[in-house]
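**Q** Take a look at query_8.cif, mmCIF, C-alpha atoms:
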```cif
data_start
#
loop_
_atom_site.group_PDB
_atom_site.id
_atom_site.type_symbol
_atom_site.label_atom_id
_atom_site.label_comp_id
_atom_site.auth_asym_id
_atom_site.auth_seq_id
_atom_site.Cartn_x
_atom_site.Cartn_y
_atom_site.Cartn_z
ATOM 1 C CA MET A 129 102.033 242.049 139.511
ATOM 2 C CA GLN A 130 101.342 239.599 142.261
ATOM 3 C CA LYS A 131 97.763 239.164 141.014
ATOM 4 C CA ILE A 132 98.987 238.429 137.474
ATOM 5 C CA PHE A 133 101.418 235.787 138.829
ATOM 6 C CA LEU A 134 98.615 234.045 140.802
ATOM 7 C CA ILE A 135 96.349 234.015 137.716
ATOM 8 C CA ILE A 136 99.108 232.351 135.628
ATOM 9 C CA LEU A 137 99.695 229.680 138.314
ATOM 10 C CA SER A 138 95.965 229.003 138.478
ATOM 11 C CA ILE A 139 95.779 228.540 134.695
ATOM 12 C CA LEU A 140 98.776 226.174 134.713
ATOM 13 C CA PHE A 141 97.302 224.086 137.574
ATOM 14 C CA ILE A 142 93.912 223.737 135.895
ATOM 15 C CA SER A 143 95.580 222.835 132.568
ATOM 16 C CA SER A 144 97.690 220.121 134.209
ATOM 17 C CA LEU A 145 94.596 218.535 135.782
ATOM 18 C CA GLY A 146 92.785 218.474 132.459
ATOM 19 C CA PHE A 147 95.800 216.939 130.735
ATOM 20 C CA ALA A 148 96.078 214.268 133.404
ATOM 21 C CA GLU A 149 92.386 213.388 133.034
ATOM 22 C CA LEU A 150 92.782 213.195 129.270
ATOM 23 C CA LYS A 151 95.833 210.931 129.661
ATOM 24 C CA LEU A 152 93.929 208.531 131.920
ATOM 25 C CA LYS A 153 91.059 208.190 129.425
ATOM 26 C CA LEU A 154 93.211 207.876 126.357
ATOM 27 C CA PRO A 155 93.919 204.102 126.414
ATOM 28 C CA ALA A 156 90.253 203.167 126.568
ATOM 29 C CA GLU A 157 89.418 205.543 123.733
ATOM 30 C CA ILE A 158 92.250 204.272 121.558
ATOM 31 C CA THR A 159 91.782 200.492 122.173
ATOM 32 C CA GLY A 160 88.004 200.644 122.385
ATOM 33 C CA GLU A 161 88.074 198.387 125.458
ATOM 34 C CA THR A 162 85.551 199.050 128.171
ATOM 35 C CA THR A 163 85.039 197.391 131.503
ATOM 36 C CA SER A 164 82.334 195.127 130.069
ATOM 37 C CA SER A 165 84.512 194.041 127.108
ATOM 38 C CA ILE A 166 87.380 193.177 129.456
ATOM 39 C CA ILE A 167 85.028 191.037 131.598
ATOM 40 C CA ASN A 168 83.657 189.240 128.521
ATOM 41 C CA LYS A 169 87.211 188.491 127.331
ATOM 42 C CA ASN A 170 88.130 187.013 130.715
ATOM 43 C CA ILE A 171 85.032 184.783 130.660
ATOM 44 C CA GLU A 172 85.845 183.628 127.122
ATOM 45 C CA ASN A 173 89.390 182.701 128.093
ATOM 46 C CA SER A 174 88.111 180.789 131.110
ATOM 47 C CA LEU A 175 85.751 178.692 128.943
ATOM 48 C CA LYS A 176 88.450 177.579 126.511
ATOM 49 C CA LEU A 177 89.307 173.826 126.685
ATOM 50 C CA SER A 178 92.817 173.295 127.926
ATOM 51 C CA ILE A 179 94.494 170.094 126.626
ATOM 52 C CA PRO A 180 97.495 168.901 128.662
ATOM 53 C CA ALA A 181 100.650 169.452 126.660
ATOM 54 C CA GLU A 182 101.958 165.948 127.424
ATOM 55 C CA ALA A 183 98.969 164.305 125.665
ATOM 56 C CA VAL A 184 99.409 166.260 122.421
ATOM 57 C CA PRO A 185 101.973 164.675 120.059
ATOM 58 C CA SER A 186 104.116 166.927 117.939
ATOM 59 C CA VAL A 187 103.953 166.780 114.173
ATOM 60 C CA ASP A 188 107.431 165.193 114.009
ATOM 61 C CA MET A 189 107.130 163.123 117.194
ATOM 62 C CA LYS A 190 109.858 160.638 118.096
ATOM 63 C CA GLU A 191 108.402 159.401 121.374
ATOM 64 C CA PHE A 192 105.028 158.248 122.629
ATOM 65 C CA VAL A 193 103.384 160.502 125.217
ATOM 66 C CA LYS A 194 101.207 159.540 128.150
ATOM 67 C CA GLY A 195 97.485 159.956 127.520
ATOM 68 C CA MET A 196 97.764 159.854 123.720
ATOM 69 C CA ILE A 197 94.933 158.207 121.762
ATOM 70 C CA MET A 198 95.389 156.548 118.363
ATOM 71 C CA LEU A 199 92.920 155.249 115.791
ATOM 72 C CA GLY A 200 94.135 152.857 113.117
ATOM 73 C CA ILE A 201 93.466 150.152 110.560
ATOM 74 C CA LEU A 202 95.176 146.785 110.214
ATOM 75 C CA ALA A 203 95.346 144.204 107.446
ATOM 76 C CA ASP A 204 96.764 140.727 107.863
ATOM 77 C CA VAL A 205 97.496 137.365 106.332
ATOM 78 C CA SER A 206 96.326 134.458 108.527
ATOM 79 C CA ILE A 207 97.790 130.978 108.201
ATOM 80 C CA PRO A 208 95.762 128.068 109.697
ATOM 81 C CA MET A 209 97.540 125.715 112.074
ATOM 82 C CA GLY A 210 96.801 122.091 112.947
ATOM 83 C CA SER A 211 96.643 118.850 110.978
ATOM 84 C CA ASP A 212 95.742 118.480 107.323
ATOM 85 C CA ASP A 213 92.621 116.565 108.359
ATOM 86 C CA GLY A 214 91.693 119.163 110.992
ATOM 87 C CA PHE A 215 91.416 122.931 110.768
ATOM 88 C CA LYS A 216 93.588 123.098 107.659
ATOM 89 C CA HIS A 217 91.088 120.831 105.935
ATOM 90 C CA VAL A 218 88.287 123.401 106.225
ATOM 91 C CA ALA A 219 90.230 126.688 106.070
ATOM 92 C CA GLY A 220 92.852 127.977 103.673
ATOM 93 C CA THR A 221 95.057 131.054 104.009
ATOM 94 C CA GLY A 222 92.941 133.962 105.158
ATOM 95 C CA PHE A 223 92.949 137.723 104.678
ATOM 96 C CA SER A 224 91.402 140.280 106.982
ATOM 97 C CA GLY A 225 90.838 143.880 107.937
ATOM 98 C CA HIS A 226 90.574 145.400 111.427
ATOM 99 C CA VAL A 227 89.904 148.733 113.092
ATOM 100 C CA VAL A 228 91.775 149.471 116.319
ATOM 101 C CA GLY A 229 91.736 152.123 119.005
ATOM 102 C CA SER A 230 94.732 152.515 121.340
ATOM 103 C CA TYR A 231 95.415 154.463 124.511
ATOM 104 C CA LEU A 232 98.824 155.186 126.064
ATOM 105 C CA VAL A 233 98.476 154.536 129.790
ATOM 106 C CA SER A 234 102.147 155.546 130.079
ATOM 107 C CA THR A 235 105.051 156.002 127.711
ATOM 108 C CA SER A 236 105.770 152.263 127.904
ATOM 109 C CA PHE A 237 102.314 150.692 128.360
ATOM 110 C CA LEU A 238 99.475 150.647 125.825
ATOM 111 C CA ILE A 239 95.982 149.127 125.743
ATOM 112 C CA ALA A 240 94.109 148.497 122.499
ATOM 113 C CA LEU A 241 90.567 147.505 121.502
ATOM 114 C CA ARG A 242 90.222 145.847 118.105
ATOM 115 C CA ALA A 243 87.478 144.404 115.904
ATOM 116 C CA GLY A 244 87.859 142.795 112.489
ATOM 117 C CA TYR A 245 86.797 140.225 109.934
ATOM 118 C CA ILE A 246 88.903 137.282 108.715
ATOM 119 C CA ASN A 247 87.870 135.416 105.584
ATOM 120 C CA PHE A 248 89.798 132.160 105.248
ATOM 121 C CA GLY A 249 90.274 130.555 101.845
ATOM 122 C CA THR A 250 87.756 128.010 100.549
ATOM 123 C CA GLN A 251 88.982 124.410 100.649
ATOM 124 C CA THR A 252 87.764 122.113 97.860
ATOM 125 C CA GLU A 253 88.040 118.348 97.609
ATOM 126 C CA GLU A 254 86.825 116.251 94.667
ATOM 127 C CA GLY A 255 87.051 112.541 93.913
ATOM 128 C CA SER A 256 85.250 109.256 93.633
ATOM 129 C CA GLU A 257 84.761 106.178 95.741
ATOM 130 C CA ALA A 258 83.125 102.850 95.007
ATOM 131 C CA GLY A 259 79.635 103.667 93.789
ATOM 132 C CA TYR A 260 79.675 107.492 93.985
ATOM 133 C CA THR A 261 81.520 110.689 93.177
ATOM 134 C CA TYR A 262 81.809 113.667 95.522
ATOM 135 C CA LYS A 263 82.706 117.327 95.738
ATOM 136 C CA TYR A 264 83.195 119.077 99.084
ATOM 137 C CA GLU A 265 83.642 122.827 99.566
ATOM 138 C CA ASP A 266 84.369 124.259 103.019
ATOM 139 C CA THR A 267 84.527 127.934 103.974
ATOM 140 C CA TYR A 268 85.427 129.325 107.391
ATOM 141 C CA SER A 269 85.362 132.927 108.654
ATOM 142 C CA GLN A 270 85.746 134.830 111.936
ATOM 143 C CA ILE A 271 84.821 138.131 113.558
ATOM 144 C CA PRO A 272 87.316 138.637 116.423
ATOM 145 C CA ILE A 273 86.861 141.344 119.064
ATOM 146 C CA LEU A 274 90.012 141.702 121.166
ATOM 147 C CA LEU A 275 91.178 143.744 124.141
ATOM 148 C CA GLY A 276 94.961 143.733 124.514
ATOM 149 C CA ALA A 277 97.734 145.105 126.710
ATOM 150 C CA TYR A 278 101.207 145.717 125.298
ATOM 151 C CA TYR A 279 104.585 146.718 126.706
ATOM 152 C CA LEU A 280 106.674 149.160 124.651
ATOM 153 C CA PHE A 281 110.438 148.863 124.899
ATOM 154 C CA SER A 282 112.242 152.133 125.543
ATOM 155 C CA THR A 283 114.432 153.216 122.626
ATOM 156 C CA ASN A 284 116.209 156.401 121.654
ATOM 157 C CA GLY A 285 114.683 156.534 118.186
ATOM 158 C CA ALA A 286 111.291 156.354 116.507
ATOM 159 C CA PHE A 287 111.378 152.523 116.304
ATOM 160 C CA LYS A 288 109.405 151.051 119.246
ATOM 161 C CA PRO A 289 109.314 147.218 119.631
ATOM 162 C CA TYR A 290 106.562 145.732 121.786
ATOM 163 C CA ILE A 291 105.232 142.478 123.211
ATOM 164 C CA GLY A 292 101.860 141.681 124.710
ATOM 165 C CA ALA A 293 98.678 139.676 124.454
ATOM 166 C CA ALA A 294 94.964 140.139 123.887
ATOM 167 C CA LEU A 295 91.901 138.310 125.164
ATOM 168 C CA GLY A 296 88.764 138.186 123.117
ATOM 169 C CA VAL A 297 85.654 136.639 121.697
ATOM 170 C CA PHE A 298 85.535 135.014 118.245
ATOM 171 C CA PHE A 299 82.290 134.776 116.266
ATOM 172 C CA GLN A 300 82.808 131.847 113.893
ATOM 173 C CA THR A 301 80.973 130.720 110.757
ATOM 174 C CA TYR A 302 81.568 127.450 108.934
ATOM 175 C CA ALA A 303 79.792 127.037 105.575
ATOM 176 C CA VAL A 304 79.691 123.751 103.641
ATOM 177 C CA ASN A 305 78.587 122.821 100.147
ATOM 178 C CA TRP A 306 78.820 119.046 99.857
ATOM 179 C CA THR A 307 77.511 116.957 96.971
ATOM 180 C CA GLU A 308 77.560 113.176 96.470
ATOM 181 C CA GLU A 309 76.204 111.614 93.285
ATOM 182 C CA TYR A 310 75.591 107.853 93.053
ATOM 183 C CA GLU A 311 76.366 105.687 90.058
ATOM 184 C CA PHE A 312 73.252 103.601 90.693
ATOM 185 C CA GLY A 313 70.995 106.630 90.298
ATOM 186 C CA GLY A 314 68.647 108.164 92.809
ATOM 187 C CA GLU A 315 68.692 111.606 94.383
ATOM 188 C CA PRO A 316 72.181 112.967 95.126
ATOM 189 C CA PHE A 317 73.142 113.886 98.648
ATOM 190 C CA VAL A 318 73.437 117.691 98.935
ATOM 191 C CA LEU A 319 74.319 119.717 102.026
ATOM 192 C CA ASP A 320 74.521 123.461 101.485
ATOM 193 C CA GLU A 321 74.329 125.147 104.890
ATOM 194 C CA SER A 322 76.288 127.267 107.314
ATOM 195 C CA PHE A 323 76.909 126.689 111.010
ATOM 196 C CA SER A 324 78.118 129.118 113.650
ATOM 197 C CA ASN A 325 79.257 129.346 117.243
ATOM 198 C CA THR A 326 81.109 131.673 119.609
ATOM 199 C CA GLY A 327 84.511 130.915 121.077
ATOM 200 C CA PHE A 328 87.023 132.586 123.353
ATOM 201 C CA GLY A 329 90.770 132.757 123.050
ATOM 202 C CA VAL A 330 94.065 134.497 123.667
ATOM 203 C CA VAL A 331 96.322 136.179 121.114
ATOM 204 C CA PRO A 332 99.980 136.729 122.128
ATOM 205 C CA ALA A 333 101.859 139.126 119.868
ATOM 206 C CA VAL A 334 105.285 140.589 119.132
ATOM 207 C CA GLY A 335 105.758 143.591 116.883
ATOM 208 C CA PHE A 336 106.821 147.196 116.559
ATOM 209 C CA TYR A 337 105.561 150.732 116.070
ATOM 210 C CA TRP A 338 107.438 153.166 113.873
ATOM 211 C CA LEU A 339 106.750 156.835 114.562
ATOM 212 C CA LEU A 340 106.899 158.458 111.154
ATOM 213 C CA GLY A 341 106.011 162.149 111.180
ATOM 214 C CA SER A 342 102.333 162.537 112.032
ATOM 215 C CA VAL A 343 101.449 158.821 111.576
ATOM 216 C CA VAL A 344 102.491 155.611 113.326
ATOM 217 C CA LEU A 345 103.217 152.507 111.254
ATOM 218 C CA GLN A 346 102.694 149.085 112.852
ATOM 219 C CA ALA A 347 103.683 145.498 112.105
ATOM 220 C CA SER A 348 103.322 142.350 114.223
ATOM 221 C CA VAL A 349 103.157 138.577 114.314
ATOM 222 C CA GLU A 350 100.315 137.049 116.368
ATOM 223 C CA TYR A 351 99.253 133.547 117.319
ATOM 224 C CA ALA A 352 95.516 133.162 117.886
ATOM 225 C CA ILE A 353 94.753 130.282 120.284
ATOM 226 C CA LEU A 354 91.074 129.396 120.685
ATOM 227 C CA PHE A 355 89.960 127.420 123.713
ATOM 228 C CA SER A 356 87.185 125.448 121.972
ATOM 229 C CA GLU A 357 86.520 123.687 118.667
ATOM 230 C CA GLY A 358 85.027 125.363 115.643
ATOM 231 C CA PRO A 359 81.349 125.123 114.627
ATOM 232 C CA THR A 360 79.836 121.632 114.529
ATOM 233 C CA VAL A 361 78.298 120.403 111.271
ATOM 234 C CA GLU A 362 74.985 118.628 111.844
ATOM 235 C CA TYR A 363 73.066 116.844 109.095
ATOM 236 C CA THR A 364 70.794 113.905 108.341
ATOM 237 C CA TYR A 365 71.875 111.223 105.882
ATOM 238 C CA ASP A 366 69.085 109.358 104.118
ATOM 239 C CA PRO A 367 70.303 106.701 101.608
ATOM 240 C CA GLY A 368 66.875 106.729 99.914
ATOM 241 C CA GLU A 369 66.880 105.271 96.450
ATOM 242 C CA PHE A 370 70.575 104.385 96.653
ATOM 243 C CA SER A 371 69.915 101.464 99.037
ATOM 244 C CA LYS A 372 67.148 100.106 96.828
ATOM 245 C CA ILE A 373 69.009 100.277 93.543
ATOM 246 C CA SER A 374 72.343 99.027 94.895
ATOM 247 C CA GLY A 375 70.722 96.185 96.787
ATOM 248 C CA VAL A 376 72.189 97.324 100.112
ATOM 249 C CA ASN A 377 69.662 96.660 102.842
ATOM 250 C CA GLY A 378 69.459 97.710 106.438
ATOM 251 C CA ILE A 379 70.738 101.261 105.951
ATOM 252 C CA ALA A 380 68.414 103.648 107.758
ATOM 253 C CA GLN A 381 68.306 107.413 108.042
ATOM 254 C CA GLU A 382 71.059 108.562 110.387
ATOM 255 C CA GLU A 383 71.998 111.766 112.203
ATOM 256 C CA TYR A 384 75.596 112.929 111.894
ATOM 257 C CA GLU A 385 77.759 115.471 113.655
ATOM 258 C CA GLU A 386 81.246 116.475 112.613
ATOM 259 C CA GLU A 387 83.492 118.635 114.802
ATOM 260 C CA SER A 388 86.594 120.445 113.614
ATOM 261 C CA GLU A 389 89.819 121.092 115.460
ATOM 262 C CA LYS A 390 90.416 124.180 117.542
ATOM 263 C CA PRO A 391 90.819 126.896 114.892
ATOM 264 C CA SER A 392 94.230 128.327 115.783
ATOM 265 C CA TYR A 393 96.266 130.357 113.324
ATOM 266 C CA ILE A 394 99.259 132.657 112.898
ATOM 267 C CA SER A 395 98.695 136.197 111.589
ATOM 268 C CA ILE A 396 101.125 138.678 110.072
ATOM 269 C CA ASN A 397 99.733 142.193 110.521
ATOM 270 C CA PHE A 398 100.491 145.522 108.879
ATOM 271 C CA GLY A 399 98.764 148.799 109.654
ATOM 272 C CA VAL A 400 98.804 152.533 110.171
ATOM 273 C CA ASN A 401 97.652 154.554 113.202
ATOM 274 C CA PHE A 402 96.705 158.200 113.457
ATOM 275 C CA PRO A 403 97.373 160.008 116.772
ATOM 276 C CA LEU A 404 94.590 162.343 117.879
ATOM 277 C CA GLY A 405 94.988 165.852 119.230
ATOM 278 C CA GLN A 406 97.716 167.077 116.874
#
```
Now, as a test, write the supplied structure out as structure tokens.
**A**
Amino acid sequence: MQKIFLIILSILFISSLGFAELKLKLPAEITGETTSSIINKNIENSLKLSIPAEAVPSVDMKEFVKGMIMLGILADVSIPMGSDDGFKHVAGTGFSGHVVGSYLVSTSFLIALRAGYINFGTQTEEGSEAGYTYKYEDTYSQIPILLGAYYLFSTNGAFKPYIGAALGVFFQTYAVNWTEEYEFGGEPFVLDESFSNTGFGVVPAVGFYWLLGSVVLQASVEYAILFSEGPTVEYTYDPGEFSKISGVNGIAQEEYEEESEKPSYISINFGVNFPLGQ
């Protein structure tokens, strides 16, 4: 009897060990995970790019976040300033398009890099003077590249007013198409050329951003102040046959230069920006 009892205990002990071993192996067999797969998963998780949560705007954001980047487009209407015989004489109301990239240094401070093209309206003047008739067409355009810094006022809503200024370089082109025809005959005077130069200036601005869902609307008023005059028109005037036919003597070929005023203007901008990292 004692022998039978020892045999039963032995069987129960061996069975419990086998069950325990089976229980320890069961998770790996069910999940299919091995030591190598677990290591590979850990490496994969370690290689994933982690973006700081504060730099990722929410889909329905109401506040700017530090580190956020925005890309946008702007369109504007530009109104020339100055006298009627100065910059306004060569440039009419202009229209433009710009691309802009912005970076939030903090929730209340933003820097922006912008490049665009402004095509001012053609100015035309026609008339007649004693002995000749004339027609003058003037066209002026700009390519501004600006780097600006702007302060955002803290508000409780999605409407964010701002003020700031930008410094930049302005690539300017001034094209003329001038014609003078003389009543006494002879070859007309024709000047059909373009002239260019590079200027520098400052552009103070006041405006607002409006955080609307996953986009940011923008509007502003800017005043572009250039430090130098616009392109200089250079040409040679040769009276030619006009002096012979009209009887006017002593008029020789002459070199002329005409400078315009500093090309300052006011712009009204509208645009839309798209935050990155959403």
**Q** Can you measure CA of Gln270 (chain A) to CA of Phe398 (chain A) for me? One decimal in Å is fine.
**A**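 CA of Phe398 (chain A) lies at a distance of 18.5 Å from CA of Gln270 (chain A).
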**Q** As an exercise, work out the distance from CA of Ala258 (chain A) to CA of Pro316 (chain A) in Å and give it to one decimal place.
**A** 14.9 Å
**Q** If the PyMOL selection byres ((chain A and resi 343) around 8) is run on the structure shown, which residues does it catch, given as an NGL selection string?
**A** :A and (339-342 or 344-345 or 400-403)
**Q** Identify all residues satisfying the PyMOL selection byres ((chain A and resi 193-204) around 10) in the given file; provide them as JSON, numbers by chain.
**A** {"A": [180, 181, 182, 183, 184, 185, 186, 189, 190, 191, 192, 205, 206, 207, 222, 223, 224, 225, 226, 227, 228, 229, 230, 231, 232, 233, 234, 235, 236, 237, 238, 239, 240, 241, 242, 243, 244, 245, 246, 343, 344, 345, 346, 347, 348, 349, 350, 394, 395, 396, 397, 398, 399, 400, 401, 402, 403, 404, 405, 406]}
**Q** Residues picked by the PyMOL selection byres ((chain A and resi 324-327) around 10) here, as a PyMOL selection string?
**A** chain A and resi 268-272+296-303+322-323+328-329+354-361+390-391
**Q** Give me a file of those residues, with C-alpha atoms, as a PDB file, in the coordinates of the input.
**A**
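Everything below was put into again-v5.pdb:
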```
ATOM      1  CA  TYR A 268      85.427 129.325 107.391  1.00  0.00           C
ATOM      2  CA  SER A 269      85.362 132.927 108.654  1.00  0.00           C
ATOM      3  CA  GLN A 270      85.746 134.830 111.936  1.00  0.00           C
ATOM      4  CA  ILE A 271      84.821 138.131 113.558  1.00  0.00           C
ATOM      5  CA  PRO A 272      87.316 138.637 116.423  1.00  0.00           C
ATOM      6  CA  GLY A 296      88.764 138.186 123.117  1.00  0.00           C
ATOM      7  CA  VAL A 297      85.654 136.639 121.697  1.00  0.00           C
ATOM      8  CA  PHE A 298      85.535 135.014 118.245  1.00  0.00           C
ATOM      9  CA  PHE A 299      82.290 134.776 116.266  1.00  0.00           C
ATOM     10  CA  GLN A 300      82.808 131.847 113.893  1.00  0.00           C
ATOM     11  CA  THR A 301      80.973 130.720 110.757  1.00  0.00           C
ATOM     12  CA  TYR A 302      81.568 127.450 108.934  1.00  0.00           C
ATOM     13  CA  ALA A 303      79.792 127.037 105.575  1.00  0.00           C
ATOM     14  CA  SER A 322      76.288 127.267 107.314  1.00  0.00           C
ATOM     15  CA  PHE A 323      76.909 126.689 111.010  1.00  0.00           C
ATOM     16  CA  PHE A 328      87.023 132.586 123.353  1.00  0.00           C
ATOM     17  CA  GLY A 329      90.770 132.757 123.050  1.00  0.00           C
ATOM     18  CA  LEU A 354      91.074 129.396 120.685  1.00  0.00           C
ATOM     19  CA  PHE A 355      89.960 127.420 123.713  1.00  0.00           C
ATOM     20  CA  SER A 356      87.185 125.448 121.972  1.00  0.00           C
ATOM     21  CA  GLU A 357      86.520 123.687 118.667  1.00  0.00           C
ATOM     22  CA  GLY A 358      85.027 125.363 115.643  1.00  0.00           C
ATOM     23  CA  PRO A 359      81.349 125.123 114.627  1.00  0.00           C
ATOM     24  CA  THR A 360      79.836 121.632 114.529  1.00  0.00           C
ATOM     25  CA  VAL A 361      78.298 120.403 111.271  1.00  0.00           C
ATOM     26  CA  LYS A 390      90.416 124.180 117.542  1.00  0.00           C
ATOM     27  CA  PRO A 391      90.819 126.896 114.892  1.00  0.00           C
TER      28      PRO A 391
END
```
**Q** So which residues touch Glu265 (chain A) within 9 Å, counting all atoms listed in the file, skipping near sequence neighbours fewer than 2 positions away, as an mmCIF file with C-alpha atoms, keeping the file's coordinate frame?
**A**
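Dumped to result_22.cif:
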```cif
data_model
loop_
_atom_site.group_PDB
_atom_site.id
_atom_site.type_symbol
_atom_site.label_atom_id
_atom_site.label_comp_id
_atom_site.auth_asym_id
_atom_site.auth_seq_id
_atom_site.Cartn_x
_atom_site.Cartn_y
_atom_site.Cartn_z
ATOM 1 C CA VAL A 218 88.287 123.401 106.225
ATOM 2 C CA THR A 250 87.756 128.010 100.549
ATOM 3 C CA GLN A 251 88.982 124.410 100.649
ATOM 4 C CA THR A 252 87.764 122.113 97.860
ATOM 5 C CA GLU A 253 88.040 118.348 97.609
ATOM 6 C CA GLU A 254 86.825 116.251 94.667
ATOM 7 C CA LYS A 263 82.706 117.327 95.738
ATOM 8 C CA THR A 267 84.527 127.934 103.974
ATOM 9 C CA ALA A 303 79.792 127.037 105.575
ATOM 10 C CA VAL A 304 79.691 123.751 103.641
ATOM 11 C CA ASN A 305 78.587 122.821 100.147
ATOM 12 C CA TRP A 306 78.820 119.046 99.857
ATOM 13 C CA THR A 307 77.511 116.957 96.971
#
```
